[in-house]
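Heads up: the structure comes next, in structure tokens.
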Amino acid sequence: MTTAVTGATGNLGGLVVDALIERGVAPAEIVAVVRNADKASPLAERGVVVRVADYSDSAAMTAALAGVDKLLLVSGSEVGQRIAQHTNVIEAAETAGVGLIAYTSLLAADTSGVSLAPEHKATEERLAASSVPAVFLRNGWYWENYLGSLAQTIEGGVLLGAAGNGKLAAASRVDFAHAAAVVLTLDDQGGKIYELGGDERLTYAELAAVIGEISGKSIAYKDVSESEYAAILQGAGLPDFVATMLASADAGIARGELDTDSGDLQALIGRASTPAAEVLRAAV
């Protein structure tokens with residue numbers, strides 16, 4: 001049984017490879033699909049098969065997936081290009097005769113109003129029409145998403161956002177990686193949908209309190225509108241599409257779209273999700 005992971009040198013893909021090996025999958029049975037072979041040299045040194053292919057290169061992707069039984073399609077990072085890129089990977093998997101595609105989607109992708117959702121929904125629809133069975137791993141938000149602004153939050157004593165009183169069921173990136181690895185090692189996963197979120201379901205005010213606890217400082221949550229938050233992020237130097245995405249995600253939190261009590265993540269990994277404090281404390 002050969003399992004391929006796209007984006008295997010990325011933050012999530014690399015962790016999935018680690019988790020597969022931890023679960024007893026032989027490195028020689030793992031195919032790391034990467035854009036840069038040099039960056040993947042640590043994987044090759046561990047015995048993982050490294051194949052080079054870009055999401056936009058259909059021929060290279062088809063060759064990379066030759067002999068692959070199961071594929072984890074880690075959603076691409078180029079927002080606005082992902083439908084075409086994901087379609088290339090799906091078509092390559094069809095041509096190569098892959099037996100299962102697991103796709104890292106977004107929590108409630110079919111109904112979410114978050115700006116990231118349409119590309120995920122379109123990819124899910126293409127997978128549903130594919131000849132290859134597919135399983136959707138609808139990942140919630142990562143606690144790591146707050147690390148980039150953590151120092152500023154602690155220094156200024158304010159967690160800024162547009163999430164209102166909405167609850168956020170986030171978890172660590174490692175948690176989601178282990179869930180993906182479990183699904184890839186199980187049978188009969190085609191057609192399943194996992195809504196993946198953490199045990200903690202925190203409002204931003206509660207998240208501010210967690211940051212205050214680990215930093216030893218008083219942290220308050222300041223709520224602003226989605227448009228105000230996007231403008232603030234743009235003013236801080238973030239690219240427009242990143243600022244818009246983050247503000248849209250906060251608005252989604254306010255609507256409850258990044259919250260879930262499904263228990264799917266916990267059932268897959270066999271434990272509670274990683275607390276926010278643990279992830280944030282490591283950064284502090």
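So you can find residues: chains in the structure tokens are A, B, ... in the order shown, residues in each start at 1, and ligands are numbered from 1 in order.
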
Review point. Hey, what does DSSP flag as alpha helix (DSSP H) within range 80-184 of chain A? Can you give it to me as a VMD selection string?
Key: chain A and resid 82 to 96 117 to 128 150 to 156 173 to 184

Exercise for review: List the neighbours of Ala276 in chain A out to 9 Å using only C-alpha atoms; skip same-chain residues closer than 4 positions along the sequence, and give me the result as a PyMOL selection string.
Suggested key: chain A and resi 143-144+170-172+200+207+210-211+280-281

Emit the selected residues as a PDB file, in the first residue's frame, including C-alpha atoms.
ATOM      1  CA  TRP A 143      -4.110  27.710  17.044  1.00  0.00           C
ATOM      2  CA  GLU A 144      -0.852  28.387  15.179  1.00  0.00           C
ATOM      3  CA  ALA A 170      -9.464  25.306  16.980  1.00  0.00           C
ATOM      4  CA  ALA A 171      -6.737  22.712  17.484  1.00  0.00           C
ATOM      5  CA  SER A 172      -3.039  22.379  16.754  1.00  0.00           C
ATOM      6  CA  GLU A 200     -11.841  23.994  23.449  1.00  0.00           C
ATOM      7  CA  LEU A 207      -8.595  33.391  24.057  1.00  0.00           C
ATOM      8  CA  VAL A 210      -5.465  32.394  27.825  1.00  0.00           C
ATOM      9  CA  ILE A 211      -2.831  34.657  26.298  1.00  0.00           C
ATOM     10  CA  LEU A 280       0.827  29.548  22.478  1.00  0.00           C
ATOM     11  CA  ARG A 281       3.065  28.914  25.504  1.00  0.00           C
TER      12      ARG A 281
END

Practice item. Mind checking which residues fall within 9 Å of Leu147 in chain A, counting only C-alpha atoms, ignoring those fewer than 5 positions away in the same chain, and posting them as JSON, numbers by chain? Key: {"A": [279, 280, 283, 284]}

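Minimum distance to Arg255 in chain A across A:Thr274, A:Gln189, A:Ser112, A:Thr6 (counting only C-alpha atoms) occurs at A:Ser112.
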
Check your understanding: Between A:Tyr146, A:Trp141, A:Tyr229, A:Phe241, which is the closest to Ala277 in chain A once you count only C-alpha atoms?
Key ->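 Checking each of A:Tyr146, A:Trp141, A:Tyr229, A:Phe241 against Ala277 in chain A, counting only C-alpha atoms, the winner is A:Tyr146.
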
Check your understanding: Counting only C-alpha atoms, what is within 12 Å of range 125-136 of chain A, bar same-chain residues fewer than 5 positions away, as a count of residues only?
Key -> 54

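Among the candidate residues A:Ala249, A:Gly237, A:Leu168, A:Thr153, the one lying nearest to Ala220 in chain A is A:Thr153, with distances computed using only C-alpha atoms.
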
Point to revise | Minimum-distance residue to Met61 in chain A, chosen among A:Ile21, A:Ala117, A:Ala4, A:Ala181 (using only C-alpha atoms) | key: A:Ala4

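Proximity ranking of A:Ser218, A:Thr260, A:Ser273, A:Thr244 relative to Arg138 in chain A places A:Thr260 first, based on only C-alpha atoms.
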
Check your understanding: Got a sec: who's within 12 Å of Asn36 in chain A, counting only C-alpha atoms, leaving out chain neighbours fewer than 3 positions off, as an MDAnalysis selection string?
Key -> chainID A and resid 6:10 32:33 39:43 50:54

Exercise for review: Report the distance between CA of Gly197 in chain A and CA of Tyr142 in chain A in Å, rounded to one decimal place.
Suggested key: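 Rounded to one decimal, the two atoms are 9.1 Å apart.
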
Study note, to complete from the structure: Counting only C-alpha atoms, closest pick from A:Gly164, A:Pro275, A:Gly80, A:Pro239 relative to Arg201 in chain A is A:Pro275
